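Comments concern the structure below.
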Amino acid sequence: MVAHLVRLKLTLLRNGLRRSAWQVVGLVVAVVYGLGALAVVVASMAVLSVQEPDIRGLVVVLVGSVLVLGWWLVPLLAFGLDSTLDPARFVTFAIPQRSLLTGLALAGLIGIPGVVSAGSALALAGVWWRTPAALVAAVVCSVIGLATCVIGARATTSAASTLVASRRFREVMAGVAVLPFIVVGPILGRLSESSAFSEATVERIAEVLSWTPLGAAWAVPGDVADGQWATAAARFGIAVATLAVVVVVWDRAFAHALVNPAHEKVSTRGHGLGWFDRLPATPLGAVTARCLTYWARDPRYALAVAIVPVLAIVFYAVRPGGDLVLLIGPIAGYLMGWGISADVAYDGTAFWTHVAAPLRGSADRLGRVIAAGAIAVPAVLVLTVGSALLAGQPGVIPALLGLSLGVLLTALGGSSVLSALVVYPVQLPGENPFQTRQGASMATVVSQFAGWLAVMALSLPEIVLGVVAVRGGSEALGWVTLAVGLVLGSVLLALGVRIGGRTLDRTGPDLLRKIVAFA
C-alpha cells in the first residue's frame with residue numbers, strides 16, 4: 001500500500017503536466033530555481049566543512065531550523081500547495097491508517113520542495129565529513145530532521161484542515177502572510193546599523209534554537225565533534241521526542257479528519273440582519289449598517305485597517321523611542337480617513353441600489369463616514385496616545401490628538417467628495433486583495449495624489465500648530481492645536497459631506513455606468 005501511494009503521487013504529478021503546457025513551463029522554472037537553491041546550499045556547506053567546528057555547528061543549526069520552520073508554516077499559508085495529500089480524499093477508502101500515514105509521508109518528499117530539502121539535509125550532514133563520529137551522528141540526525149519537516153508539515157495541515165477550508169481563514173492568512181515582507185526590510189536595516197546584531201547575538205540565537213524542536217537534531221553532530229556526549233544525548237532526546245510528538249499529532253488529527261472531513265459549516269447563529277437590526281430603519285441607518293458590514297467582513301477593508309499597526313511596528317523598528325513614532329497617529333488618521341475614497345468602487349454593481357432608491361447623496365456620504373469613523377476614531381486615539389507614551393513624551397498628547405484627529409476628519413471630508421467624482425477598477429469581492437486590476441493605475445495615481453495634496457493643504461493649520469507645539473514643548477499650544485484640529489476638521493468634514501452629497505446626486509448614474517463597464 002505504501003508503494004502504491006507513492007506511485008499514485010507520481011501518476012498524479014505526471015497527469016497534471018499533461019493538462020497544460022503552462023504547467024510544464026512552471027515545473028521547469030521551479031526545477032531551475034530548486035536546483036539553483038540546492039546548488040547554493042551544497043556549495044556553501046562544502047566551504048563550511050573546512051571551517052572550525054564551532055562555526056560549522058552554528059551555521060548548520062540556523063539553516064536546519066529555518067528548514068523545519070518553513071516546512072511547518074508554509075503549507076498553512078500556501079493553501080492547496082499539495083491537494084493530493086488532503087485527508088478528505090481518503091475518507092471512503094478502507095486503508096490501514098499506519099500504511100496510509102507512511103505512504104503519505106514518503107509521497108510528501110516527491111516534488112521539488114521534498115527533493116531540495118532532502119538534498120539540503122544531506123549537505124548539512126556532509127559538513128562533518130572530517131569527523132567520522134560526527135558524520136555518523138549527522139546522517140542519523142538529518143534523517144530525523146527531514147522526517148520532522150515532512151511529518152510536521154502534515155501534522156499542522158491536518159490539525160488545521162477545518163480552518164484551512166474556511167474562506168475567512170484564507171483571507172486572514174493572505175493578509176498575515178504579506179506582513180513579514182513589509183516589516184522585515186526596516187527591521188533588518190535597523191539591525192544592520194546596530195551593534196546589537198553581532199556575532200555574539202547570532203551565537204545566542206543558535207544556542208537557543210539548538211535546545212528547541214527546530215534545531216535540536218541539527219546541533220547533535222556539533223556536540224559529538226566537540227566530545228560533549230551528555231549534551232549530544234540530551235539534544236538527541238529532544239529531537240526524537242519532537243518527531244514522536246508530531247507523529248502522534250498527525251496520527252490523531254488524521255484520524256479525526258477521516259471521520260469528520262472538513263466541509264463548509266452552516267452558520268448556527270440567528271437569522272437576524274446584523275447591523276441592519278441594530279441601527280434605525282432609515283436611509284442613513286441602512287447605509288451605515290451596510291458599510292459597517294463591509295468593514296467587518298470584506299477583506300479589502302480589513303487589510304486597509306491591518307496596515308496601520310504594521311506601520312507602527314515599522315516606525316518603531318526603524319528608530320525605537322525616537323520622534324519618528326510620533327508620526328504614527330497623523331499617518332493613521334490620513335490612511336483610515338482616506339480609506340473610503342474607493343467606497344463607491346468597492347460597492348461594484350451593487351451601487352445600483354443607491355442610485356435606484358430614494359436616497360439623498362448626503363445620507364449616502366454621512367452613512368459611509370459614520371461607519372468608517374466608528375473604527376478610525378478609536379484606532380487613531382489609541383495609536384496617537386500610545387506613540388506619545390512610547391516616545392516618552394506624554395506632554396505632546398494634546399497636540400498629537402489635534403493633529404491626528406484634524407487630519408482624520410479632513411480626510412473623511414475629502415474622501416466624501418472624491419468618491420462622488422471618480423471611480424476606477426478595484427478588486428472584486430473574493431479576489432486577491434493585493435492584486436491590481438487592469439486600467440486602475442493612472443486613475444488611482446492621479447486621484448490619490450490630488451487627494452493627498454488637498455488633505456495636506458486643508459490640514460496645514462493643525463499641522464503647523466502641532467509641529468511647533470511638539471518641537472517647542474508648549475502644552476498650551478498643544479491644547480490650541482487640539483481645539484483647532486477638532487473644529488476645523490469638523491467644519492471641513494461637514495462641507496465634504498454636503499458637497500459630496502450634492503455631487504453624488506448629480507453623478508450617481510454616470511458612476512454606475514462606469515462601474516458596470518469595469519465589471
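We label chains A, B, ... in the order they appear in the C-alpha cells, count residues from 1 in each chain, and number ligands from 1 in the order shown.
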
Set the distance at 9 Å and use only C-alpha atoms: which residues neighbour A:Thr148 once local chain neighbours fewer than 2 positions away are removed? I'd like the list as a list of chain:residue names. A:Val68, A:Trp71, A:Val143, A:Ile144, A:Gly145, A:Leu146, A:Val150, A:Ile151, A:Gly152, A:Ala153, A:Pro213, A:Leu214, A:Ala239, A:Thr242, A:Leu243, A:Ala244, A:Val246, A:Val247

Okay, now the selection with N, CA and C atoms, as a PDB file, in the first residue's frame?
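Wrote result-v5.pdb, looks like this:
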ATOM      1  N   VAL A  68      13.128  23.472   9.003  1.00  0.00           N
ATOM      2  CA  VAL A  68      12.000  22.890   9.739  1.00  0.00           C
ATOM      3  C   VAL A  68      10.854  23.894   9.841  1.00  0.00           C
ATOM      4  N   TRP A  71       8.909  24.219   6.571  1.00  0.00           N
ATOM      5  CA  TRP A  71       8.012  23.094   6.307  1.00  0.00           C
ATOM      6  C   TRP A  71       6.762  23.150   7.180  1.00  0.00           C
ATOM      7  N   VAL A 143      18.242  12.516   8.935  1.00  0.00           N
ATOM      8  CA  VAL A 143      17.034  11.737   8.622  1.00  0.00           C
ATOM      9  C   VAL A 143      15.921  12.108   9.594  1.00  0.00           C
ATOM     10  N   ILE A 144      16.274  12.230  10.883  1.00  0.00           N
ATOM     11  CA  ILE A 144      15.271  12.625  11.873  1.00  0.00           C
ATOM     12  C   ILE A 144      14.756  14.031  11.576  1.00  0.00           C
ATOM     13  N   GLY A 145      15.681  14.942  11.248  1.00  0.00           N
ATOM     14  CA  GLY A 145      15.283  16.313  10.942  1.00  0.00           C
ATOM     15  C   GLY A 145      14.392  16.393   9.722  1.00  0.00           C
ATOM     16  N   LEU A 146      14.734  15.636   8.673  1.00  0.00           N
ATOM     17  CA  LEU A 146      13.912  15.645   7.458  1.00  0.00           C
ATOM     18  C   LEU A 146      12.535  15.048   7.743  1.00  0.00           C
ATOM     19  N   VAL A 150       8.787  16.893   7.204  1.00  0.00           N
ATOM     20  CA  VAL A 150       7.671  16.388   6.398  1.00  0.00           C
ATOM     21  C   VAL A 150       6.470  16.041   7.272  1.00  0.00           C
ATOM     22  N   ILE A 151       6.700  15.286   8.336  1.00  0.00           N
ATOM     23  CA  ILE A 151       5.584  14.875   9.189  1.00  0.00           C
ATOM     24  C   ILE A 151       5.019  16.071   9.949  1.00  0.00           C
ATOM     25  N   GLY A 152       5.888  17.001  10.343  1.00  0.00           N
ATOM     26  CA  GLY A 152       5.397  18.211  10.994  1.00  0.00           C
ATOM     27  C   GLY A 152       4.501  19.026  10.085  1.00  0.00           C
ATOM     28  N   ALA A 153       4.865  19.095   8.797  1.00  0.00           N
ATOM     29  CA  ALA A 153       4.014  19.805   7.836  1.00  0.00           C
ATOM     30  C   ALA A 153       2.661  19.135   7.706  1.00  0.00           C
ATOM     31  N   PRO A 213      12.682  22.258  19.419  1.00  0.00           N
ATOM     32  CA  PRO A 213      12.356  21.260  18.394  1.00  0.00           C
ATOM     33  C   PRO A 213      12.846  21.631  16.998  1.00  0.00           C
ATOM     34  N   LEU A 214      13.082  22.915  16.740  1.00  0.00           N
ATOM     35  CA  LEU A 214      13.531  23.332  15.412  1.00  0.00           C
ATOM     36  C   LEU A 214      14.982  22.962  15.150  1.00  0.00           C
ATOM     37  N   ALA A 239      15.218  15.810  19.918  1.00  0.00           N
ATOM     38  CA  ALA A 239      14.902  15.586  18.509  1.00  0.00           C
ATOM     39  C   ALA A 239      13.977  14.385  18.331  1.00  0.00           C
ATOM     40  N   THR A 242      10.530  15.222  19.666  1.00  0.00           N
ATOM     41  CA  THR A 242       9.821  16.099  18.729  1.00  0.00           C
ATOM     42  C   THR A 242       9.200  15.288  17.602  1.00  0.00           C
ATOM     43  N   LEU A 243       9.992  14.378  17.045  1.00  0.00           N
ATOM     44  CA  LEU A 243       9.468  13.535  15.963  1.00  0.00           C
ATOM     45  C   LEU A 243       8.300  12.686  16.463  1.00  0.00           C
ATOM     46  N   ALA A 244       8.427  12.145  17.671  1.00  0.00           N
ATOM     47  CA  ALA A 244       7.334  11.331  18.223  1.00  0.00           C
ATOM     48  C   ALA A 244       6.075  12.171  18.419  1.00  0.00           C
ATOM     49  N   VAL A 246       5.127  14.969  16.786  1.00  0.00           N
ATOM     50  CA  VAL A 246       4.461  15.335  15.524  1.00  0.00           C
ATOM     51  C   VAL A 246       3.804  14.115  14.881  1.00  0.00           C
ATOM     52  N   VAL A 247       4.407  12.931  15.096  1.00  0.00           N
ATOM     53  CA  VAL A 247       3.770  11.717  14.579  1.00  0.00           C
ATOM     54  C   VAL A 247       2.435  11.492  15.277  1.00  0.00           C
TER      55      VAL A 247
END

Taking 4 positions as the minimum chain separation for residues in the same chain, which residues sit within 9 Å of stretch 487-492 of chain A when counting only C-alpha atoms? Answer as number ranges by chain. A: 405-414, 458-459, 461-462, 482-483, 496-497

Residues of stretch 387-420 of chain A in alpha helix (DSSP H), written as a list in words: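 So, restricting stretch 387-420 of chain A to alpha helix (DSSP H), we get Ser387, Ala388, Leu389, Leu390, Ile397, Pro398, Ala399, Leu400, Leu401, Gly402, Leu403, Ser404, Leu405, Gly406, Val407, Leu408, Leu409, Thr410, Ala411, Leu412, Gly413, Gly414, Ser415, Ser416, Val417 and Leu418 of chain A.
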
Nearest-residue call for A:Ala371, choices A:Tyr334, A:Trp352, A:Tyr424, A:Tyr294, using only C-alpha atoms: A:Tyr294

Of A:Ala281, A:Val417, A:Ile463, A:Val308, the one sitting nearest A:Leu383 when using only C-alpha atoms is A:Val308

Given the choices A:Ala450, A:Leu311, A:Ser117, A:Gly337, which gets closest to A:Ala37 if the distance is worked out from only C-alpha atoms?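 The shortest atom-to-atom distance to A:Ala37 comes from A:Ser117.
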
Within 9 Å of A:Trp295, counting only C-alpha atoms, which residues qualify if same-chain residues fewer than 3 places away don't, as a ChimeraX atom specification? /A:290-292,298-302,305,371-372,375

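Closest approach to A:Cys149 from the set A:Ala225, A:Ala46, A:Ala206, A:Leu73 is made by A:Leu73, with distances taken over only C-alpha atoms.
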
Excluding A:Pro398 and residues on its chain fewer than 3 positions from it, collect all residues at most 12 Å away from it, counting only C-alpha atoms, and give them as a VMD selection string. chain A and resid 329 381 384 to 385 388 393 to 395 401 to 406 462 465 to 467 469 to 470 473 to 486

Next, dump the selected residues to file, keeping only N, CA and C atoms, as a CSV table (one decimal), in the first residue's frame.
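Final file, result_13.csv:
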chain,number,residue,atom,x,y,z
A,329,GLY,N,0.2,58.4,14.6
A,329,GLY,CA,-1.2,58.9,14.7
A,329,GLY,C,-1.6,59.7,13.5
A,381,LEU,N,-7.1,57.3,18.2
A,381,LEU,CA,-6.9,57.7,19.6
A,381,LEU,C,-5.8,56.8,20.3
A,384,THR,N,-2.3,57.3,18.7
A,384,THR,CA,-1.7,58.6,19.0
A,384,THR,C,-1.2,58.6,20.4
A,385,VAL,N,-2.1,58.2,21.4
A,385,VAL,CA,-1.6,58.2,22.8
A,385,VAL,C,-0.5,57.2,23.0
A,388,ALA,N,2.9,58.6,21.8
A,388,ALA,CA,3.5,59.6,22.7
A,388,ALA,C,4.1,58.9,23.9
A,393,GLN,N,7.0,61.0,25.8
A,393,GLN,CA,6.7,62.4,25.7
A,393,GLN,C,5.1,62.6,25.9
A,394,PRO,N,4.6,62.2,27.1
A,394,PRO,CA,3.2,62.4,27.3
A,394,PRO,C,2.7,63.8,27.2
A,395,GLY,N,3.5,64.8,27.4
A,395,GLY,CA,3.1,66.1,27.3
A,395,GLY,C,2.6,66.6,25.9
A,401,LEU,N,-3.1,64.7,19.3
A,401,LEU,CA,-4.5,64.4,19.1
A,401,LEU,C,-5.2,65.4,18.2
A,402,GLY,N,-4.8,66.7,18.4
A,402,GLY,CA,-5.4,67.7,17.5
A,402,GLY,C,-4.9,67.5,16.0
A,403,LEU,N,-3.7,67.1,15.9
A,403,LEU,CA,-3.2,66.9,14.5
A,403,LEU,C,-3.8,65.7,13.9
A,404,SER,N,-3.8,64.6,14.6
A,404,SER,CA,-4.3,63.3,14.1
A,404,SER,C,-5.8,63.3,13.8
A,405,LEU,N,-6.5,63.8,14.7
A,405,LEU,CA,-8.0,63.9,14.5
A,405,LEU,C,-8.4,64.9,13.5
A,406,GLY,N,-7.6,66.0,13.4
A,406,GLY,CA,-7.9,67.0,12.4
A,406,GLY,C,-7.6,66.4,11.0
A,462,GLU,N,-3.5,72.9,11.6
A,462,GLU,CA,-3.2,72.0,12.7
A,462,GLU,C,-1.8,71.3,12.6
A,465,LEU,N,0.6,74.1,13.8
A,465,LEU,CA,0.5,74.3,15.2
A,465,LEU,C,1.0,73.1,15.9
A,466,GLY,N,0.7,71.9,15.4
A,466,GLY,CA,1.2,70.6,16.1
A,466,GLY,C,2.7,70.5,16.1
A,467,VAL,N,3.3,70.8,14.9
A,467,VAL,CA,4.8,70.7,14.8
A,467,VAL,C,5.4,71.7,15.8
A,469,ALA,N,4.1,73.0,18.5
A,469,ALA,CA,3.9,72.6,19.9
A,469,ALA,C,4.8,71.5,20.3
A,470,VAL,N,5.0,70.5,19.5
A,470,VAL,CA,5.8,69.3,19.8
A,470,VAL,C,7.2,69.7,19.9
A,473,GLY,N,7.7,72.1,22.9
A,473,GLY,CA,7.3,71.6,24.2
A,473,GLY,C,6.3,72.4,24.9
A,474,SER,N,5.4,73.2,24.1
A,474,SER,CA,4.4,74.0,24.7
A,474,SER,C,3.1,73.3,24.9
A,475,GLU,N,2.7,73.0,26.1
A,475,GLU,CA,1.5,72.3,26.4
A,475,GLU,C,0.3,73.2,26.1
A,476,ALA,N,0.4,74.5,26.3
A,476,ALA,CA,-0.7,75.4,26.0
A,476,ALA,C,-1.0,75.4,24.5
A,477,LEU,N,0.0,75.5,23.7
A,477,LEU,CA,-0.1,75.4,22.2
A,477,LEU,C,-0.7,74.1,21.8
A,478,GLY,N,-0.4,73.0,22.6
A,478,GLY,CA,-0.9,71.7,22.2
A,478,GLY,C,-2.4,71.7,22.4
A,479,TRP,N,-2.9,72.3,23.4
A,479,TRP,CA,-4.4,72.3,23.6
A,479,TRP,C,-5.0,73.2,22.5
A,480,VAL,N,-4.3,74.3,22.1
A,480,VAL,CA,-4.8,75.1,21.0
A,480,VAL,C,-4.9,74.2,19.7
A,481,THR,N,-3.9,73.4,19.5
A,481,THR,CA,-3.9,72.5,18.3
A,481,THR,C,-5.0,71.6,18.4
A,482,LEU,N,-5.3,71.0,19.6
A,482,LEU,CA,-6.4,70.1,19.7
A,482,LEU,C,-7.8,70.8,19.3
A,483,ALA,N,-7.9,72.0,19.8
A,483,ALA,CA,-9.2,72.7,19.5
A,483,ALA,C,-9.3,73.0,18.1
A,484,VAL,N,-8.2,73.5,17.5
A,484,VAL,CA,-8.2,73.9,16.0
A,484,VAL,C,-8.5,72.6,15.2
A,485,GLY,N,-7.8,71.5,15.5
A,485,GLY,CA,-7.9,70.3,14.7
A,485,GLY,C,-9.4,69.8,14.8
A,486,LEU,N,-10.0,69.8,16.0
A,486,LEU,CA,-11.4,69.3,16.1
A,486,LEU,C,-12.4,70.2,15.4

Let me make sure I understand: among A:Thr231, A:Trp452, A:Thr293, A:Gly274, which one has the smallest atom-to-atom distance to A:Ile331 if we use only C-alpha atoms?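 When distances to A:Ile331 are compared using only C-alpha atoms, the smallest one comes from A:Trp452.
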
Under the rule that only C-alpha atoms are counted, which of A:Leu62, A:Ala230, A:Arg7, A:Val423 is the nearest residue to A:Val344? A:Val423

Separation of atom CA of A:Ala391 from atom CA of A:Leu327 in Å: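 The value is 10.8 Å.
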
As an exercise, work out the distance from atom CA of A:Leu279 to atom CA of A:Arg368 in Å and give it to one decimal place.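 Taking atom CA of A:Leu279 and atom CA of A:Arg368, their separation equals 13.7 Å.
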